[in-house]
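Data block below; observations after.
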Amino acid sequence: MIGGLRLAVDARGLDLPMHISGPTARFVVPWEDAPADAAIRVGWLDEAVPLPEPMELVFASGGMWTLYRAAGGYRYDIASPVFGPEPYRIAWFDPTYQTGHVWYRRLPAVIAAMQSPLEYPVDELLVTNLLARGRGVELHACAVVDTDGRGWLFVGQSGDGKTTTARLWTRAGATVLSDDRVIVRQCDGQWLMFGTPWHGEGEFAAPAAAPLNGLFILCKGAEDAARPLTPGLAAARLFARAFPPFYDAAALDFTVGFLERLVTAVPCYELVFRPTPAVVDYVRRMQP
């Protein structure tokens, strides 16, 4: 379960013992006969009959994956030079991303490297698309739950100090849900932040959620100072640090509207800070 989203994965088609390792293992919950937000079957490419053929190029990531329209849904071709020029994994999802299939190429090197039926980037692609269909947003951020239960979200690009922030707060007794990717949702009228398996250098990845009481855009400087942001500026800053499906116009519209609601409900600041324990005390003295 990631971000409060239940992903039901049926990997019996692989006929392999699956020992999920690393941070992802913390997010595995026992199988329950309950509705899932997405149900995914996993198998081998040589047994995929029929395999959804790519019909139209939608987006080329420039990295591991390429997205096509295919058979009434979306097909992701995932490749790596380690496994040769052909995609070693193909994923297909229906337009709502509530059902899908993942097929692996049956190669010894692929089998040896396999750690999870939905290993990166399929897991994150699935979750970000589910979120963008009315559920929430994933942000480049560090989520901290303080000793008094208040939840702080420190948002930043790579190099802005998310992992440094996580370590400072951990030393001060707080709990860090993630030091790189955080999911934000509004559930039953309450704004919540969720840890994810996609951690940063500090490898903070907790399968938990906490109320969101204040949001800070990180900015390194020579002092500790929190400057209130207008809703418009806060929303723009957050969008630049979000992970919506940029190739989906409807998903982008939802994300923009979601961020606008978030910044009007939660106090937002630019946090100029020095990487010292003093910034923890500074934030604790605030009353957002």
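Here's how to read the names in the structure tokens: chain A, B, ... by the order shown, residue numbers from 1 in each chain, ligand numbers from 1 in the order shown.
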
- Task: With a distance cut-off of 7 Å and only C-alpha atoms, select the neighbouring residues of stretch 20-30 of chain A, excluding the residue or stretch itself and same-chain residues fewer than 4 positions from it, and output the selection as JSON, numbers by chain.
- Result: {"A": [1, 2, 115, 116, 197, 205, 207]}

Taking the DSSP assignment computed from this structure's backbone, write out as a PDB file with N, CA, C and O atoms, in the first residue's frame all residues of stretch 135-269 of chain A that belong to strand (DSSP E or B).
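Just written: result19.pdb:
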ATOM      1  N   VAL A 137      -1.350  14.102  -5.090  1.00  0.00           N
ATOM      2  CA  VAL A 137      -0.163  14.483  -5.846  1.00  0.00           C
ATOM      3  C   VAL A 137       1.081  13.949  -5.147  1.00  0.00           C
ATOM      4  O   VAL A 137       1.095  13.779  -3.919  1.00  0.00           O
ATOM      5  N   GLU A 138       2.109  13.667  -5.929  1.00  0.00           N
ATOM      6  CA  GLU A 138       3.412  13.299  -5.398  1.00  0.00           C
ATOM      7  C   GLU A 138       4.341  14.498  -5.515  1.00  0.00           C
ATOM      8  O   GLU A 138       4.409  15.135  -6.574  1.00  0.00           O
ATOM      9  N   LEU A 139       5.037  14.822  -4.424  1.00  0.00           N
ATOM     10  CA  LEU A 139       5.923  15.972  -4.393  1.00  0.00           C
ATOM     11  C   LEU A 139       7.351  15.563  -4.077  1.00  0.00           C
ATOM     12  O   LEU A 139       7.577  14.579  -3.368  1.00  0.00           O
ATOM     13  N   HIS A 140       8.296  16.344  -4.585  1.00  0.00           N
ATOM     14  CA  HIS A 140       9.712  16.173  -4.270  1.00  0.00           C
ATOM     15  C   HIS A 140       9.919  16.820  -2.908  1.00  0.00           C
ATOM     16  O   HIS A 140      10.054  18.056  -2.813  1.00  0.00           O
ATOM     17  N   ALA A 141       9.915  16.033  -1.840  1.00  0.00           N
ATOM     18  CA  ALA A 141       9.845  16.633  -0.510  1.00  0.00           C
ATOM     19  C   ALA A 141      10.335  15.676   0.566  1.00  0.00           C
ATOM     20  O   ALA A 141      10.504  14.476   0.341  1.00  0.00           O
ATOM     21  N   CYS A 142      10.538  16.263   1.746  1.00  0.00           N
ATOM     22  CA  CYS A 142      10.853  15.526   2.972  1.00  0.00           C
ATOM     23  C   CYS A 142       9.688  15.730   3.934  1.00  0.00           C
ATOM     24  O   CYS A 142       9.296  16.872   4.197  1.00  0.00           O
ATOM     25  N   ALA A 143       9.127  14.648   4.450  1.00  0.00           N
ATOM     26  CA  ALA A 143       7.986  14.723   5.364  1.00  0.00           C
ATOM     27  C   ALA A 143       8.435  14.376   6.778  1.00  0.00           C
ATOM     28  O   ALA A 143       9.011  13.314   7.005  1.00  0.00           O
ATOM     29  N   VAL A 144       8.151  15.275   7.717  1.00  0.00           N
ATOM     30  CA  VAL A 144       8.590  15.121   9.101  1.00  0.00           C
ATOM     31  C   VAL A 144       7.383  15.150  10.029  1.00  0.00           C
ATOM     32  O   VAL A 144       6.529  16.039   9.924  1.00  0.00           O
ATOM     33  N   VAL A 145       7.329  14.190  10.945  1.00  0.00           N
ATOM     34  CA  VAL A 145       6.320  14.191  12.007  1.00  0.00           C
ATOM     35  C   VAL A 145       7.044  14.532  13.302  1.00  0.00           C
ATOM     36  O   VAL A 145       7.883  13.756  13.784  1.00  0.00           O
ATOM     37  N   GLY A 151       2.828  17.820  11.589  1.00  0.00           N
ATOM     38  CA  GLY A 151       3.468  17.339  10.374  1.00  0.00           C
ATOM     39  C   GLY A 151       3.973  18.482   9.528  1.00  0.00           C
ATOM     40  O   GLY A 151       3.216  19.407   9.189  1.00  0.00           O
ATOM     41  N   TRP A 152       5.267  18.440   9.206  1.00  0.00           N
ATOM     42  CA  TRP A 152       5.900  19.463   8.385  1.00  0.00           C
ATOM     43  C   TRP A 152       6.337  18.855   7.055  1.00  0.00           C
ATOM     44  O   TRP A 152       6.923  17.780   7.016  1.00  0.00           O
ATOM     45  N   LEU A 153       6.081  19.578   5.984  1.00  0.00           N
ATOM     46  CA  LEU A 153       6.509  19.134   4.663  1.00  0.00           C
ATOM     47  C   LEU A 153       7.528  20.129   4.123  1.00  0.00           C
ATOM     48  O   LEU A 153       7.229  21.321   3.968  1.00  0.00           O
ATOM     49  N   PHE A 154       8.740  19.630   3.856  1.00  0.00           N
ATOM     50  CA  PHE A 154       9.832  20.452   3.345  1.00  0.00           C
ATOM     51  C   PHE A 154      10.047  20.076   1.880  1.00  0.00           C
ATOM     52  O   PHE A 154      10.530  18.986   1.575  1.00  0.00           O
ATOM     53  N   VAL A 155       9.697  20.982   0.984  1.00  0.00           N
ATOM     54  CA  VAL A 155       9.663  20.693  -0.446  1.00  0.00           C
ATOM     55  C   VAL A 155      10.886  21.297  -1.117  1.00  0.00           C
ATOM     56  O   VAL A 155      11.261  22.445  -0.837  1.00  0.00           O
ATOM     57  N   THR A 175      10.125  11.953  13.554  1.00  0.00           N
ATOM     58  CA  THR A 175      10.023  10.814  12.638  1.00  0.00           C
ATOM     59  C   THR A 175       9.971  11.321  11.207  1.00  0.00           C
ATOM     60  O   THR A 175       9.204  12.242  10.898  1.00  0.00           O
ATOM     61  N   VAL A 176      10.773  10.743  10.337  1.00  0.00           N
ATOM     62  CA  VAL A 176      10.800  11.134   8.932  1.00  0.00           C
ATOM     63  C   VAL A 176      10.096  10.063   8.106  1.00  0.00           C
ATOM     64  O   VAL A 176      10.463   8.887   8.156  1.00  0.00           O
ATOM     65  N   LEU A 177       9.081  10.462   7.356  1.00  0.00           N
ATOM     66  CA  LEU A 177       8.344   9.522   6.503  1.00  0.00           C
ATOM     67  C   LEU A 177       9.052   9.293   5.173  1.00  0.00           C
ATOM     68  O   LEU A 177       8.963   8.218   4.603  1.00  0.00           O
ATOM     69  N   SER A 178       9.722  10.322   4.672  1.00  0.00           N
ATOM     70  CA  SER A 178      10.465  10.205   3.411  1.00  0.00           C
ATOM     71  C   SER A 178      11.413  11.383   3.306  1.00  0.00           C
ATOM     72  O   SER A 178      11.127  12.470   3.833  1.00  0.00           O
ATOM     73  N   ARG A 181      10.459  11.665  -1.842  1.00  0.00           N
ATOM     74  CA  ARG A 181       9.167  11.684  -2.536  1.00  0.00           C
ATOM     75  C   ARG A 181       8.055  11.472  -1.518  1.00  0.00           C
ATOM     76  O   ARG A 181       8.070  10.482  -0.773  1.00  0.00           O
ATOM     77  N   VAL A 182       7.105  12.387  -1.515  1.00  0.00           N
ATOM     78  CA  VAL A 182       6.010  12.360  -0.548  1.00  0.00           C
ATOM     79  C   VAL A 182       4.689  12.499  -1.292  1.00  0.00           C
ATOM     80  O   VAL A 182       4.582  13.280  -2.242  1.00  0.00           O
ATOM     81  N   ILE A 183       3.699  11.749  -0.870  1.00  0.00           N
ATOM     82  CA  ILE A 183       2.357  11.850  -1.435  1.00  0.00           C
ATOM     83  C   ILE A 183       1.501  12.698  -0.503  1.00  0.00           C
ATOM     84  O   ILE A 183       1.522  12.506   0.715  1.00  0.00           O
ATOM     85  N   VAL A 184       0.755  13.633  -1.083  1.00  0.00           N
ATOM     86  CA  VAL A 184      -0.184  14.466  -0.322  1.00  0.00           C
ATOM     87  C   VAL A 184      -1.588  14.206  -0.846  1.00  0.00           C
ATOM     88  O   VAL A 184      -1.824  14.227  -2.057  1.00  0.00           O
ATOM     89  N   ARG A 185      -2.514  13.965   0.078  1.00  0.00           N
ATOM     90  CA  ARG A 185      -3.906  13.719  -0.276  1.00  0.00           C
ATOM     91  C   ARG A 185      -4.825  14.420   0.717  1.00  0.00           C
ATOM     92  O   ARG A 185      -4.414  14.724   1.842  1.00  0.00           O
ATOM     93  N   GLN A 186      -6.056  14.632   0.307  1.00  0.00           N
ATOM     94  CA  GLN A 186      -7.086  15.118   1.213  1.00  0.00           C
ATOM     95  C   GLN A 186      -8.060  13.974   1.436  1.00  0.00           C
ATOM     96  O   GLN A 186      -8.750  13.543   0.514  1.00  0.00           O
ATOM     97  N   CYS A 187      -8.093  13.470   2.662  1.00  0.00           N
ATOM     98  CA  CYS A 187      -8.910  12.314   2.996  1.00  0.00           C
ATOM     99  C   CYS A 187      -9.897  12.703   4.093  1.00  0.00           C
ATOM    100  O   CYS A 187      -9.484  13.132   5.177  1.00  0.00           O
ATOM    101  N   GLN A 190      -9.326  16.021   5.613  1.00  0.00           N
ATOM    102  CA  GLN A 190      -8.056  16.289   6.291  1.00  0.00           C
ATOM    103  C   GLN A 190      -6.900  16.153   5.303  1.00  0.00           C
ATOM    104  O   GLN A 190      -6.840  15.199   4.521  1.00  0.00           O
ATOM    105  N   TRP A 191      -5.968  17.103   5.358  1.00  0.00           N
ATOM    106  CA  TRP A 191      -4.784  17.044   4.503  1.00  0.00           C
ATOM    107  C   TRP A 191      -3.748  16.144   5.159  1.00  0.00           C
ATOM    108  O   TRP A 191      -3.358  16.361   6.305  1.00  0.00           O
ATOM    109  N   LEU A 192      -3.313  15.135   4.399  1.00  0.00           N
ATOM    110  CA  LEU A 192      -2.380  14.141   4.914  1.00  0.00           C
ATOM    111  C   LEU A 192      -1.163  14.044   4.006  1.00  0.00           C
ATOM    112  O   LEU A 192      -1.250  14.238   2.788  1.00  0.00           O
ATOM    113  N   MET A 193      -0.021  13.700   4.615  1.00  0.00           N
ATOM    114  CA  MET A 193       1.187  13.399   3.852  1.00  0.00           C
ATOM    115  C   MET A 193       1.589  11.959   4.140  1.00  0.00           C
ATOM    116  O   MET A 193       1.483  11.490   5.266  1.00  0.00           O
ATOM    117  N   PHE A 194       2.047  11.267   3.096  1.00  0.00           N
ATOM    118  CA  PHE A 194       2.362   9.844   3.166  1.00  0.00           C
ATOM    119  C   PHE A 194       3.819   9.607   2.768  1.00  0.00           C
ATOM    120  O   PHE A 194       4.309  10.190   1.795  1.00  0.00           O
ATOM    121  N   ALA A 205      12.092   5.945   4.416  1.00  0.00           N
ATOM    122  CA  ALA A 205      10.913   5.500   3.683  1.00  0.00           C
ATOM    123  C   ALA A 205       9.992   4.758   4.650  1.00  0.00           C
ATOM    124  O   ALA A 205      10.183   3.572   4.914  1.00  0.00           O
ATOM    125  N   ALA A 209       1.275   7.684   7.460  1.00  0.00           N
ATOM    126  CA  ALA A 209       0.717   8.977   7.079  1.00  0.00           C
ATOM    127  C   ALA A 209       0.616   9.851   8.313  1.00  0.00           C
ATOM    128  O   ALA A 209       0.629   9.366   9.449  1.00  0.00           O
ATOM    129  N   ALA A 210       0.545  11.167   8.099  1.00  0.00           N
ATOM    130  CA  ALA A 210       0.424  12.111   9.203  1.00  0.00           C
ATOM    131  C   ALA A 210      -0.287  13.361   8.709  1.00  0.00           C
ATOM    132  O   ALA A 210      -0.221  13.695   7.512  1.00  0.00           O
ATOM    133  N   PRO A 211      -0.974  14.072   9.603  1.00  0.00           N
ATOM    134  CA  PRO A 211      -1.595  15.342   9.216  1.00  0.00           C
ATOM    135  C   PRO A 211      -0.542  16.342   8.755  1.00  0.00           C
ATOM    136  O   PRO A 211       0.595  16.347   9.255  1.00  0.00           O
ATOM    137  N   GLY A 214       2.051  22.344   8.102  1.00  0.00           N
ATOM    138  CA  GLY A 214       2.780  23.456   7.512  1.00  0.00           C
ATOM    139  C   GLY A 214       3.652  22.981   6.373  1.00  0.00           C
ATOM    140  O   GLY A 214       4.146  21.848   6.392  1.00  0.00           O
ATOM    141  N   LEU A 215       3.823  23.842   5.384  1.00  0.00           N
ATOM    142  CA  LEU A 215       4.563  23.478   4.174  1.00  0.00           C
ATOM    143  C   LEU A 215       5.643  24.524   3.925  1.00  0.00           C
ATOM    144  O   LEU A 215       5.374  25.722   3.962  1.00  0.00           O
ATOM    145  N   PHE A 216       6.872  24.032   3.664  1.00  0.00           N
ATOM    146  CA  PHE A 216       8.019  24.919   3.504  1.00  0.00           C
ATOM    147  C   PHE A 216       8.751  24.597   2.199  1.00  0.00           C
ATOM    148  O   PHE A 216       9.070  23.434   1.939  1.00  0.00           O
ATOM    149  N   ILE A 217       9.014  25.635   1.399  1.00  0.00           N
ATOM    150  CA  ILE A 217       9.851  25.495   0.215  1.00  0.00           C
ATOM    151  C   ILE A 217      11.287  25.758   0.644  1.00  0.00           C
ATOM    152  O   ILE A 217      11.609  26.849   1.135  1.00  0.00           O
ATOM    153  N   LEU A 218      12.155  24.774   0.508  1.00  0.00           N
ATOM    154  CA  LEU A 218      13.522  24.882   1.007  1.00  0.00           C
ATOM    155  C   LEU A 218      14.382  25.799   0.140  1.00  0.00           C
ATOM    156  O   LEU A 218      14.314  25.769  -1.092  1.00  0.00           O
ATOM    157  N   CYS A 219      15.215  26.581   0.836  1.00  0.00           N
ATOM    158  CA  CYS A 219      16.155  27.480   0.164  1.00  0.00           C
ATOM    159  C   CYS A 219      17.339  27.681   1.084  1.00  0.00           C
ATOM    160  O   CYS A 219      17.191  28.249   2.180  1.00  0.00           O
ATOM    161  N   LYS A 220      18.511  27.236   0.709  1.00  0.00           N
ATOM    162  CA  LYS A 220      19.688  27.390   1.553  1.00  0.00           C
ATOM    163  C   LYS A 220      20.112  28.858   1.615  1.00  0.00           C
ATOM    164  O   LYS A 220      20.012  29.590   0.630  1.00  0.00           O
ATOM    165  N   ALA A 225      15.054  31.723   8.270  1.00  0.00           N
ATOM    166  CA  ALA A 225      13.955  32.676   8.136  1.00  0.00           C
ATOM    167  C   ALA A 225      12.844  32.071   7.297  1.00  0.00           C
ATOM    168  O   ALA A 225      13.106  31.532   6.208  1.00  0.00           O
ATOM    169  N   ALA A 226      11.628  32.131   7.800  1.00  0.00           N
ATOM    170  CA  ALA A 226      10.459  31.635   7.073  1.00  0.00           C
ATOM    171  C   ALA A 226       9.653  32.818   6.562  1.00  0.00           C
ATOM    172  O   ALA A 226       9.242  33.688   7.339  1.00  0.00           O
ATOM    173  N   ARG A 227       9.450  32.870   5.258  1.00  0.00           N
ATOM    174  CA  ARG A 227       8.737  33.974   4.635  1.00  0.00           C
ATOM    175  C   ARG A 227       7.426  33.453   4.054  1.00  0.00           C
ATOM    176  O   ARG A 227       7.445  32.563   3.204  1.00  0.00           O
ATOM    177  N   PRO A 228       6.286  33.991   4.506  1.00  0.00           N
ATOM    178  CA  PRO A 228       5.001  33.518   3.986  1.00  0.00           C
ATOM    179  C   PRO A 228       4.909  33.698   2.474  1.00  0.00           C
ATOM    180  O   PRO A 228       5.378  34.701   1.923  1.00  0.00           O
ATOM    181  N   ALA A 242       6.536  18.941  -8.367  1.00  0.00           N
ATOM    182  CA  ALA A 242       5.554  17.853  -8.350  1.00  0.00           C
ATOM    183  C   ALA A 242       5.867  16.843  -9.445  1.00  0.00           C
ATOM    184  O   ALA A 242       6.662  17.097 -10.358  1.00  0.00           O
ATOM    185  N   CYS A 268       1.892  28.153   3.953  1.00  0.00           N
ATOM    186  CA  CYS A 268       3.035  27.877   3.084  1.00  0.00           C
ATOM    187  C   CYS A 268       4.086  28.972   3.244  1.00  0.00           C
ATOM    188  O   CYS A 268       3.766  30.165   3.271  1.00  0.00           O
ATOM    189  N   TYR A 269       5.343  28.544   3.315  1.00  0.00           N
ATOM    190  CA  TYR A 269       6.449  29.465   3.531  1.00  0.00           C
ATOM    191  C   TYR A 269       7.617  29.090   2.628  1.00  0.00           C
ATOM    192  O   TYR A 269       7.781  27.930   2.229  1.00  0.00           O
TER     193      TYR A 269
END

- Item | Interatomic distance, atom CA of A:Val58 to atom CA of A:Gly4 (Å, one decimal) |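 These atoms are spaced 28.4 Å apart.
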